[in-house]
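A.B. asks: Sharing model_7.cif (mmCIF, C-alpha atoms and all ligand atoms) below.
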```
data_protein
#
loop_
_atom_site.label_atom_id
_atom_site.label_comp_id
_atom_site.auth_asym_id
_atom_site.auth_seq_id
_atom_site.Cartn_x
_atom_site.Cartn_y
_atom_site.Cartn_z
CA MET O 875 17.93 -30.54 36.28
CA ASP O 876 14.21 -30.79 35.84
CA PHE O 877 12.98 -27.60 34.24
CA SER O 878 9.44 -28.81 33.82
CA ARG O 879 8.29 -27.31 37.09
CA TYR O 880 9.36 -23.88 35.84
CA ILE O 881 7.60 -24.22 32.56
CA CYS O 882 4.00 -24.94 31.68
CA ARG O 883 2.19 -24.63 34.99
CA LYS O 884 2.00 -20.86 34.95
CA ASN O 885 1.04 -20.86 31.31
CA PHE O 886 -1.62 -23.50 31.85
CA ASN O 887 -3.14 -21.48 34.66
CA LYS O 888 -3.38 -18.50 32.35
CA MET O 889 -4.87 -20.69 29.63
CA THR O 890 -8.01 -21.22 31.70
CA GLN O 891 -8.74 -17.54 31.08
CA ARG O 892 -7.82 -17.23 27.47
CA THR O 893 -8.89 -14.09 25.60
CA GLU O 894 -8.49 -14.18 21.84
CA ILE O 895 -6.51 -11.22 20.56
CA ALA O 896 -8.88 -11.15 17.60
CA SER O 897 -11.64 -10.13 20.00
CA LEU O 898 -9.70 -6.94 20.83
CA GLY O 899 -8.24 -6.13 17.41
CA GLU O 900 -4.95 -4.32 16.91
CA PHE O 901 -6.08 -1.03 18.47
CA GLY O 902 -7.84 -2.72 21.39
CA LEU O 903 -4.70 -4.72 22.10
CA ILE O 904 -2.46 -1.63 22.07
CA GLU O 905 -4.93 0.19 24.35
CA ARG O 906 -4.90 -2.72 26.75
CA LEU O 907 -1.11 -3.04 26.79
CA SER O 908 -0.55 0.69 27.25
CA LYS O 909 -3.01 0.98 30.16
CA ASP O 910 -0.49 0.38 32.95
CA ILE O 911 2.59 1.92 31.39
CA LYS O 912 4.22 4.55 33.59
CA HIS O 913 6.72 7.20 32.55
CA TYR O 914 9.69 7.96 34.79
CA HIS O 915 11.15 10.91 32.91
CA LYS O 916 9.86 14.44 32.60
CA SER O 917 11.42 14.51 29.15
CA THR O 918 8.81 12.01 27.88
CA VAL O 919 6.29 14.44 26.43
CA LYS O 920 4.15 11.90 24.55
CA GLY O 921 4.22 8.12 24.83
CA ILE O 922 1.93 5.63 23.13
CA GLY O 923 -0.92 7.00 21.06
CA ASP O 924 0.38 9.14 18.23
CA ASP O 925 2.40 8.49 15.07
CA ALA O 926 5.63 8.93 17.04
CA ALA O 927 6.71 9.30 20.65
CA VAL O 928 7.90 12.77 21.63
CA VAL O 929 10.92 13.50 23.82
CA ASP O 930 11.94 16.94 25.07
CA MET O 931 15.52 17.67 24.01
CA GLY O 932 15.62 21.17 25.49
CA ASP O 933 15.68 23.30 22.36
CA LYS O 934 13.47 20.96 20.29
CA PHE O 935 11.51 17.73 20.34
CA LEU O 936 12.92 14.35 19.35
CA LEU O 937 10.45 12.04 17.57
CA ILE O 938 10.71 8.23 17.66
CA SER O 939 8.65 5.66 15.78
CA THR O 940 8.90 1.95 14.94
CA ASP O 941 7.20 0.01 12.16
CA MET O 942 7.65 -3.64 11.25
CA LEU O 943 7.16 -5.38 7.93
CA LEU O 944 6.67 -9.17 8.03
CA GLU O 945 6.75 -11.60 5.16
CA GLY O 946 3.35 -13.19 4.72
CA ILE O 947 1.61 -10.41 6.64
CA HIS O 948 2.77 -7.17 5.03
CA PHE O 949 4.41 -8.41 1.88
CA ASP O 950 4.61 -11.41 -0.41
CA LEU O 951 8.01 -11.93 -2.00
CA SER O 952 6.50 -13.61 -5.04
CA TYR O 953 5.59 -10.14 -6.31
CA THR O 954 7.58 -7.73 -4.14
CA PRO O 955 11.04 -6.88 -5.47
CA LEU O 956 13.49 -6.85 -2.56
CA LYS O 957 14.78 -3.42 -3.51
CA HIS O 958 11.25 -2.01 -3.30
CA LEU O 959 10.73 -3.73 0.02
CA GLY O 960 13.80 -2.02 1.45
CA TYR O 961 12.62 1.33 0.13
CA LYS O 962 9.10 0.85 1.49
CA ALA O 963 10.34 -0.15 4.94
CA ILE O 964 12.08 3.22 5.25
CA ALA O 965 9.32 5.25 3.58
CA VAL O 966 6.57 4.00 5.91
CA ASN O 967 8.65 4.92 8.94
CA VAL O 968 9.54 8.35 7.59
CA SER O 969 5.81 8.86 7.01
CA ASP O 970 5.18 8.65 10.78
CA ILE O 971 7.71 11.43 11.40
CA ALA O 972 6.06 13.53 8.68
CA ALA O 973 2.73 12.97 10.46
CA MET O 974 4.14 14.81 13.50
CA ASN O 975 5.23 17.69 11.20
CA GLY O 976 8.82 16.60 11.80
CA THR O 977 11.98 15.95 9.81
CA PRO O 978 13.49 12.44 9.93
CA THR O 979 17.18 12.27 10.82
CA GLN O 980 18.32 8.70 11.66
CA ILE O 981 17.07 5.13 11.34
CA THR O 982 18.07 1.78 12.78
CA VAL O 983 17.27 -1.49 11.00
CA GLY O 984 16.38 -4.78 12.65
CA ILE O 985 16.39 -7.70 10.23
CA ALA O 986 15.55 -11.36 10.81
CA LEU O 987 16.27 -13.80 7.98
CA SER O 988 15.84 -17.48 7.32
CA ASN O 989 18.51 -19.38 5.36
CA ARG O 990 16.30 -19.02 2.26
CA PHE O 991 17.93 -15.62 1.81
CA SER O 992 21.32 -15.14 0.23
CA LEU O 993 23.81 -12.32 0.69
CA GLU O 994 22.71 -10.97 -2.69
CA ALA O 995 19.09 -10.88 -1.52
CA VAL O 996 19.93 -8.90 1.62
CA GLU O 997 22.08 -6.55 -0.43
CA GLU O 998 19.07 -5.88 -2.69
CA ILE O 999 17.01 -4.92 0.37
CA TYR O 1000 19.78 -2.61 1.54
CA MET O 1001 20.10 -1.06 -1.90
CA GLY O 1002 16.43 -0.04 -1.62
CA MET O 1003 17.01 1.25 1.89
CA ARG O 1004 19.99 3.33 0.75
CA LEU O 1005 17.89 4.84 -2.02
CA ALA O 1006 15.17 5.80 0.46
CA CYS O 1007 17.78 7.18 2.88
CA GLU O 1008 19.06 9.36 0.04
CA ASP O 1009 15.56 10.51 -0.98
CA TYR O 1010 14.53 11.38 2.59
CA LYS O 1011 17.99 12.42 3.79
CA VAL O 1012 18.12 10.03 6.75
CA ASP O 1013 21.22 8.36 8.17
CA LEU O 1014 21.18 4.60 8.71
CA VAL O 1015 23.07 4.39 12.01
CA GLY O 1016 22.62 0.85 13.32
CA GLY O 1017 20.31 -2.05 13.89
CA ASP O 1018 20.33 -5.75 14.67
CA THR O 1019 20.64 -8.93 12.61
CA THR O 1020 19.36 -12.35 13.54
CA ALA O 1021 18.40 -15.69 12.06
CA ALA O 1022 14.72 -16.51 11.72
CA ILE O 1023 13.06 -19.92 11.48
CA SER O 1024 11.20 -18.90 8.40
CA GLY O 1025 10.64 -15.78 6.40
CA LEU O 1026 11.86 -12.23 6.57
CA ILE O 1027 11.13 -9.56 9.16
CA LEU O 1028 12.16 -5.92 8.95
CA SER O 1029 11.78 -3.70 12.01
CA ILE O 1030 12.77 -0.10 11.50
CA THR O 1031 13.01 2.63 14.09
CA VAL O 1032 13.19 6.19 12.87
CA LEU O 1033 14.23 9.30 14.77
CA GLY O 1034 13.35 12.82 13.78
CA THR O 1035 13.13 16.32 15.15
CA VAL O 1036 10.60 19.12 15.18
CA ALA O 1037 10.59 22.65 16.59
CA LYS O 1038 8.53 22.73 19.78
CA ASP O 1039 6.01 25.22 18.42
CA LYS O 1040 5.55 23.26 15.17
CA ILE O 1041 4.71 19.80 16.49
CA VAL O 1042 1.32 18.43 15.40
CA TYR O 1043 -0.60 15.75 17.30
CA ARG O 1044 -3.65 13.66 16.50
CA ASN O 1045 -5.69 14.97 19.41
CA THR O 1046 -5.90 18.69 18.68
CA ALA O 1047 -8.49 19.01 15.87
CA LYS O 1048 -11.08 21.71 16.58
CA LYS O 1049 -14.67 22.21 15.50
CA GLY O 1050 -14.78 24.15 12.22
CA ASP O 1051 -11.30 23.04 11.09
CA ILE O 1052 -10.99 21.95 7.48
CA LEU O 1053 -10.07 18.31 6.77
CA CYS O 1054 -7.35 17.95 4.16
CA VAL O 1055 -5.72 14.96 2.54
CA THR O 1056 -2.62 14.81 0.34
CA GLY O 1057 -2.29 12.97 -2.98
CA ASP O 1058 -4.90 10.37 -3.81
CA LEU O 1059 -6.38 7.38 -2.02
CA GLY O 1060 -7.16 3.72 -2.63
CA GLY O 1061 -4.38 3.18 -5.16
CA ALA O 1062 -2.13 1.07 -2.93
CA TYR O 1063 -4.99 -1.28 -2.04
CA LEU O 1064 -5.96 -1.67 -5.69
CA GLY O 1065 -2.31 -2.28 -6.58
CA LEU O 1066 -2.34 -5.11 -4.04
CA GLN O 1067 -5.49 -6.53 -5.64
CA ALA O 1068 -3.78 -6.45 -9.04
CA LEU O 1069 -0.65 -8.17 -7.74
CA THR O 1070 -2.46 -10.86 -5.78
CA ARG O 1071 -4.73 -11.59 -8.73
CA GLU O 1072 -1.73 -12.00 -11.02
CA LYS O 1073 -0.12 -14.31 -8.50
CA GLN O 1074 -3.21 -16.54 -8.48
CA VAL O 1075 -3.28 -16.58 -12.27
CA PHE O 1076 0.42 -17.45 -12.35
CA VAL O 1077 0.04 -20.25 -9.80
CA ALA O 1078 -2.85 -21.68 -11.80
CA ASN O 1079 -1.02 -21.40 -15.10
CA PRO O 1080 2.62 -20.23 -15.25
CA GLU O 1081 2.33 -19.83 -19.05
CA MET O 1082 -0.17 -16.98 -18.72
CA GLN O 1083 1.17 -13.49 -19.40
CA PRO O 1084 0.57 -10.97 -16.63
CA GLU O 1085 -2.35 -8.65 -17.31
CA LEU O 1086 -1.03 -5.55 -15.67
CA ASP O 1087 -1.41 -3.10 -18.54
CA GLY O 1088 -2.73 0.23 -17.36
CA MET O 1089 -2.04 -0.66 -13.74
CA ASP O 1090 1.46 0.79 -13.43
CA TYR O 1091 0.36 3.63 -11.16
CA ILE O 1092 -1.56 1.50 -8.65
CA ILE O 1093 1.21 -1.11 -8.55
CA GLU O 1094 3.76 1.59 -7.85
CA ARG O 1095 1.50 2.91 -5.09
CA GLN O 1096 1.59 -0.53 -3.47
CA LEU O 1097 5.24 -1.39 -4.02
CA LYS O 1098 6.90 2.00 -3.69
CA PRO O 1099 4.90 4.34 -1.46
CA GLN O 1100 6.30 7.80 -0.76
CA ALA O 1101 6.34 9.59 2.58
CA ARG O 1102 4.90 13.08 2.05
CA LEU O 1103 7.81 15.07 3.46
CA ASP O 1104 7.41 17.32 0.43
CA ILE O 1105 4.06 18.50 1.82
CA ILE O 1106 5.53 19.05 5.29
CA HIS O 1107 8.10 21.40 3.73
CA GLU O 1108 5.46 23.16 1.62
CA LEU O 1109 3.16 23.70 4.59
CA ALA O 1110 6.11 25.23 6.44
CA ASP O 1111 6.79 27.52 3.46
CA LEU O 1112 3.12 28.55 3.44
CA GLY O 1113 3.32 29.33 7.15
CA ILE O 1114 0.74 26.65 8.00
CA VAL O 1115 0.92 24.48 11.10
CA PRO O 1116 -1.92 21.93 10.83
CA THR O 1117 -4.18 21.72 13.89
CA SER O 1118 -3.94 17.90 13.84
CA MET O 1119 -2.34 15.29 11.62
CA ILE O 1120 -1.94 11.53 11.05
CA ASP O 1121 -0.57 9.47 8.18
CA ILE O 1122 -2.86 7.12 6.28
CA SER O 1123 -1.50 3.64 6.81
CA ASP O 1124 -4.76 1.83 7.62
CA GLY O 1125 -7.25 3.71 5.42
CA LEU O 1126 -8.86 7.15 5.56
CA ALA O 1127 -11.87 6.01 7.64
CA SER O 1128 -9.72 4.49 10.34
CA GLU O 1129 -7.40 7.52 10.51
CA ILE O 1130 -10.26 10.03 10.67
CA MET O 1131 -11.68 8.02 13.55
CA HIS O 1132 -8.32 8.26 15.36
CA ILE O 1133 -8.29 12.05 14.98
CA CYS O 1134 -11.93 12.36 16.03
CA LYS O 1135 -11.70 9.95 18.94
CA GLN O 1136 -8.53 11.51 20.31
CA SER O 1137 -9.66 15.10 19.73
CA GLY O 1138 -13.20 14.49 21.03
CA VAL O 1139 -14.74 15.79 17.81
CA GLY O 1140 -16.65 14.49 14.80
CA ALA O 1141 -16.34 15.10 11.07
CA VAL O 1142 -18.30 15.46 7.87
CA LEU O 1143 -16.74 14.34 4.60
CA TYR O 1144 -17.99 14.57 1.06
CA GLU O 1145 -17.88 11.64 -1.32
CA ASP O 1146 -17.27 13.87 -4.34
CA LYS O 1147 -14.24 15.46 -2.70
CA LEU O 1148 -12.32 12.26 -1.99
CA PRO O 1149 -9.24 12.27 -4.23
CA ILE O 1150 -9.16 9.11 -6.36
CA ASP O 1151 -6.81 8.75 -9.32
CA GLN O 1152 -8.43 7.87 -12.64
CA GLN O 1153 -6.43 4.63 -12.88
CA SER O 1154 -7.52 3.58 -9.38
CA TYR O 1155 -11.11 4.43 -10.25
CA ASP O 1156 -11.06 2.43 -13.49
CA ALA O 1157 -9.27 -0.55 -11.92
CA ALA O 1158 -11.77 -0.70 -9.04
CA ILE O 1159 -14.80 -0.69 -11.32
CA ASN O 1160 -13.57 -2.55 -14.39
CA HIS O 1161 -11.25 -5.17 -12.91
CA PHE O 1162 -12.16 -5.79 -9.31
CA GLN O 1163 -15.86 -4.91 -9.01
CA LEU O 1164 -15.05 -2.76 -6.02
CA SER O 1165 -16.42 0.62 -5.07
CA PRO O 1166 -13.67 3.23 -5.56
CA ILE O 1167 -15.05 5.07 -2.51
CA THR O 1168 -14.72 1.97 -0.35
CA CYS O 1169 -11.13 1.56 -1.58
CA ALA O 1170 -10.39 5.20 -0.73
CA LEU O 1171 -11.99 4.91 2.71
CA ASN O 1172 -10.81 1.48 3.77
CA GLY O 1173 -7.91 0.50 1.55
CA GLY O 1174 -4.64 0.79 3.44
CA GLU O 1175 -1.04 1.75 2.78
CA ASP O 1176 -1.46 4.96 0.80
CA TYR O 1177 0.85 6.76 3.26
CA GLU O 1178 -0.71 10.11 2.44
CA LEU O 1179 -1.22 12.67 5.19
CA LEU O 1180 -4.60 13.48 6.70
CA PHE O 1181 -4.60 16.81 8.51
CA THR O 1182 -6.82 19.62 9.68
CA ILE O 1183 -6.20 23.35 9.29
CA SER O 1184 -8.00 26.30 10.75
CA GLN O 1185 -10.32 28.09 8.33
CA GLU O 1186 -8.07 31.15 8.07
CA ASN O 1187 -5.49 29.00 6.23
CA TYR O 1188 -7.91 27.73 3.59
CA GLU O 1189 -7.01 30.37 0.98
CA LYS O 1190 -3.36 29.32 1.15
CA ILE O 1191 -3.99 25.70 0.16
CA LYS O 1192 -7.16 25.79 -1.92
CA GLN O 1193 -5.29 25.81 -5.26
CA HIS O 1194 -2.70 23.23 -4.21
CA ASP O 1195 -2.88 20.29 -6.62
CA GLN O 1196 -1.58 17.79 -4.02
CA ILE O 1197 -3.94 18.83 -1.21
CA SER O 1198 -7.69 18.10 -1.31
CA THR O 1199 -10.12 19.58 1.18
CA ILE O 1200 -12.53 16.74 1.88
CA GLY O 1201 -14.70 17.96 4.74
CA TYR O 1202 -14.67 19.66 8.11
CA ILE O 1203 -14.59 18.96 11.82
CA THR O 1204 -17.81 19.06 13.85
CA ASP O 1205 -18.52 18.83 17.56
CA ALA O 1206 -20.46 15.56 17.07
CA ASP O 1207 -18.31 13.48 19.38
CA LYS O 1208 -16.61 10.64 17.43
CA LYS O 1209 -19.28 10.62 14.72
CA VAL O 1210 -18.02 10.72 11.16
CA ALA O 1211 -20.60 11.30 8.42
CA LEU O 1212 -20.08 10.85 4.71
CA VAL O 1213 -22.29 12.96 2.46
CA MET O 1214 -22.87 10.99 -0.73
CA ARG O 1215 -23.17 12.46 -4.23
CA ASN O 1216 -26.94 11.97 -4.13
CA GLY O 1217 -27.22 14.02 -0.94
CA THR O 1218 -27.79 11.12 1.47
CA THR O 1219 -25.56 10.79 4.52
CA VAL O 1220 -24.02 7.59 5.86
CA ALA O 1221 -22.06 6.96 9.04
CA VAL O 1222 -18.42 6.05 8.41
CA GLN O 1223 -17.14 2.96 10.18
CA ALA O 1224 -13.42 2.46 10.56
CA GLN O 1225 -12.39 -0.92 9.33
CA GLY O 1226 -8.65 -0.52 9.19
CA TRP O 1227 -6.47 -3.56 8.80
CA LYS O 1228 -7.18 -6.63 10.84
CA HIS O 1229 -4.14 -8.83 11.06
CA PHE O 1230 -5.44 -10.82 13.99
P1 LIG O 1301 1.04 3.89 13.13
O1 LIG O 1301 -0.05 3.27 12.29
O2 LIG O 1301 1.10 5.35 13.04
O3 LIG O 1301 2.40 3.22 12.93
P2 LIG O 1301 0.16 2.23 15.23
O4 LIG O 1301 -1.30 2.09 15.01
O5 LIG O 1301 1.08 1.14 14.77
O6 LIG O 1301 0.64 3.61 14.63
O7 LIG O 1301 0.44 2.47 16.75
C1 LIG O 1301 -0.33 3.38 17.51
C2 LIG O 1301 0.43 3.73 18.76
O8 LIG O 1301 0.64 2.56 19.55
C3 LIG O 1301 1.80 4.31 18.52
O9 LIG O 1301 2.01 5.32 19.48
C4 LIG O 1301 2.74 3.15 18.74
O10 LIG O 1301 4.01 3.58 19.20
C5 LIG O 1301 2.03 2.38 19.83
N1 LIG O 1301 2.31 0.94 19.83
C6 LIG O 1301 2.05 0.03 18.86
N2 LIG O 1301 2.40 -1.21 19.23
C7 LIG O 1301 2.92 -1.12 20.49
C8 LIG O 1301 3.44 -2.05 21.42
N3 LIG O 1301 3.54 -3.34 21.13
N4 LIG O 1301 3.86 -1.56 22.62
C9 LIG O 1301 3.79 -0.26 22.90
N5 LIG O 1301 3.29 0.67 22.07
C10 LIG O 1301 2.86 0.27 20.87
MG MG O 1302 1.15 6.60 11.47
#
```
Please lay out the structure from this file as C-alpha cells.
Ligand code: ADP
Ligand code: MG
C.D. replies:
Amino acid sequence: MDFSRYICRKNFNKMTQRTEIASLGEFGLIERLSKDIKHYHKSTVKGIGDDAAVVDMGDKFLLISTDMLLEGIHFDLSYTPLKHLGYKAIAVNVSDIAAMNGTPTQITVGIALSNRFSLEAVEEIYMGMRLACEDYKVDLVGGDTTAAISGLILSITVLGTVAKDKIVYRNTAKKGDILCVTGDLGGAYLGLQALTREKQVFVANPEMQPELDGMDYIIERQLKPQARLDIIHELADLGIVPTSMIDISDGLASEIMHICKQSGVGAVLYEDKLPIDQQSYDAAINHFQLSPITCALNGGEDYELLFTISQENYEKIKQHDQISTIGYITDADKKVALVMRNGTTVAVQAQGWKHF
C-alpha cells in the first residue's frame, strides 16, 4: 500500500506558513497552545497557568503537576551523578506542589532510556528518587518505561492535596502586600557555571585537577536542590496563608513577572534585600565575572519560593532566617522596579530560561 499520499502533503502545506517556536519563547508557546483548551468538568478548578492544576475533590483540592528533565537540555551526565538526578527530578516536582501551599502525596515516573544505560545506572537514578520520596514523604505509584534513540528523559507527575481555604495561586497578589523569598538565590546558576567550566577544563586536559574548592555550596544547589516544604509547614504553623505564591525555577525576575502579570499588579524590589549566599557572591565576582544580582534575578533552578503576604503578617516572619522580605506589591500594572543600592531605579526584565 502506498502511504505516501497520507504523509507529507499536509505537512508541506503547513510548512509554507512556518512560525519558529523561538519567536514565541516557552511562555508564548504555552499561551498559544492553551488558548483553545476547553474544560468539560466542573471539578476542574484551575487548568493551565499556575504551578499545578487544581481539581475539586469535594472536601479538598487535588493538585497535579508535571515536569520533565532531558539530557542535554536540563542536565549533563558528565557532571551529574545519577543518584542526584533522580533526587532532583522528584524535588523540582514537589516544589510545584509547595508553590500551591500544598502537600505532595504521590508521583508517577516516566523514563525513556537509550541502550547507553545499564540496569545499574537506572537503579542509581531510582535510589535518588527513593531518597527524595523519603525526604518529602511521597509515594511512587507508577509510571512508564520506554526506549529512546539517544539520551535520557525523565518525566515526573506529582499529585498533592491542599485544604480549600489554604490554596495559594499566582494571580492573587494585592497592592501593599510584602514580597518574600525563601533561602538564597543565584547559587544553582553559579553551581552550573562551576560545573560546566570544570567540564571544559577536563575536556581540554584530562590531567588537570578540578578547581572546585570553596564551591561545595553552589554545586550542591545545582545538583541537589530542595523543595521548600519546610517553609510551607512553618507558614501553616505561623497561621499565614500567602496572598500569592510561585516557585523559582526560571529566576526571580521571571517569577515576579508571572505574579505581577497574572495578578494585574506591579512590584518594587530592593537590591540590598536580595538574599545571596556569601559563596555565591564570591564565586560570581572572583571566578565568573558575573554580577551576583544578575545571577539572583536571572539564574534559574534555585527552587525557592517567592510569595506575598499581607502587611499584618509581617511581624510574624520578620525574624525568620529563611525568609527575606525583598520588596512590595504596587498597582503599577506589570511594572517591576529594582531600587539599586545607590538609590537609582531600573526596570526589571524577565529573562527566564530560553530552551528554544
Ligand atoms: P513551572 O515552571 O511551574 O513548572 P511551567 O512554566 O512549566 O510551570 O508551566 C506553566 C503552566 O503551563 C503550567 O500550568 C503547566 O501545567 C502548563 N503547561 C506547560 N506545558 C504545557 C503543555 N505542553 N500543554 C499544556 N499545558 C502546559
Ligand atoms: Mg513552578
A.B. asks: Taking only C-alpha atoms into account, which of O:Val1055, O:Val929, O:Ile1041, O:Leu1064 comes nearest Gln1096 (chain O)?
C.D. replies: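 Going through O:Val1055, O:Val929, O:Ile1041, O:Leu1064 one by one, the smallest distance to Gln1096 (chain O) is for O:Leu1064.
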A.B. asks: Could you give me, as a list in words, every polymer residue with an atom at most 9 Å away from an atom of ligand MG 1302 (chain O), counting only C-alpha atoms and all ligand atoms?
C.D. replies: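 I would give the residues around ligand MG 1302 (chain O) as Asp924, Asp925, Ala926, Ser939, Asp941, Val966, Asn967, Ser969, Asp970, Ile971, Ala972, Ala973, Met974, Ile1120, Asp1121, Ile1122, Ser1123, Asp1124, Glu1129 and Tyr1177 of chain O.
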A.B. asks: Of the candidates O:Asp1205, O:Asp1058, O:Asp950, O:Asp1009, which shows the shortest atom-to-atom distance to Asp1151 (chain O), using all atoms listed in the file?
C.D. replies: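 Ranking O:Asp1205, O:Asp1058, O:Asp950, O:Asp1009 by distance to Asp1151 (chain O), first place goes to O:Asp1058.
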A.B. asks: Write out as a PyMOL selection string the residues lying within 9 Å of Lys1038 (chain O), counting all atoms listed in the file and excluding same-chain residues fewer than 6 positions away.
C.D. replies: chain O and resi 930+933-935
A.B. asks: Considering only C-alpha atoms, return as a ChimeraX atom specification whatever protein or nucleic-acid residues lie within 12 Å of region 990-993 of chain O, sequence-local ones (same chain, fewer than 6 positions apart) excluded.
C.D. replies: /O:951,956,999-1000,1021-1027
A.B. asks: Have a look at O:Gly960, O:Gly1017, O:Gly1138, O:Gly976 and name the one nearest to Asp1039 (chain O); count all atoms listed in the file.
C.D. replies: O:Gly976
A.B. asks: Take CA of Glu1108 (chain O) and CA of Thr1168 (chain O) and report the distance between them in Å, one decimal.
C.D. replies: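 Between CA of Glu1108 (chain O) and CA of Thr1168 (chain O) the gap works out to 29.3 Å.
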A.B. asks: Give as an MDAnalysis selection string every residue, naming chains and numbers as the document does, that has an atom within 12 Å of (10.5, -5.2, -1.3), counting all atoms listed in the file.
C.D. replies: chainID O and resid 943:945 948:965 995:1003 1026:1028 1094 1096:1099
A.B. asks: Tell me which of O:Gly1050, O:Gly1140, O:Gly923, O:Gly1034 sits closest to ligand LIG 1301 (chain O), counting all atoms listed in the file.
C.D. replies: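 Of all the options, O:Gly923 lies closest to ligand LIG 1301 (chain O).
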A.B. asks: Distance CA of Gln1152 (chain O)-CA of Pro1166 (chain O), one decimal place?
C.D. replies: 10.0 Å
A.B. asks: Between O:Gln980, O:Gln1153, O:Thr1031, O:Gln1193, single out the one closest to ligand LIG 1301 (chain O), counting all atoms listed in the file.
C.D. replies: O:Thr1031
A.B. asks: Looking at only C-alpha atoms and all ligand atoms, which of O:Leu1126, O:Ile981, O:Val1075, O:Ala1068 is the one that sits closest to ligand LIG 1301 (chain O)?
C.D. replies: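 Of all the options, O:Leu1126 lies closest to ligand LIG 1301 (chain O).
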A.B. asks: Could you work out an axis-aligned box for ligand LIG 1301 (chain O), taking every atom the file lists and adding 4 Å on each side, and report centre and edge lengths in Å to one decimal, as AutoDock Vina command-line options?
C.D. replies:
```
--center_x 1.4 --center_y 1.0 --center_z 17.6 --size_x 13.3 --size_y 16.7 --size_z 18.6
```
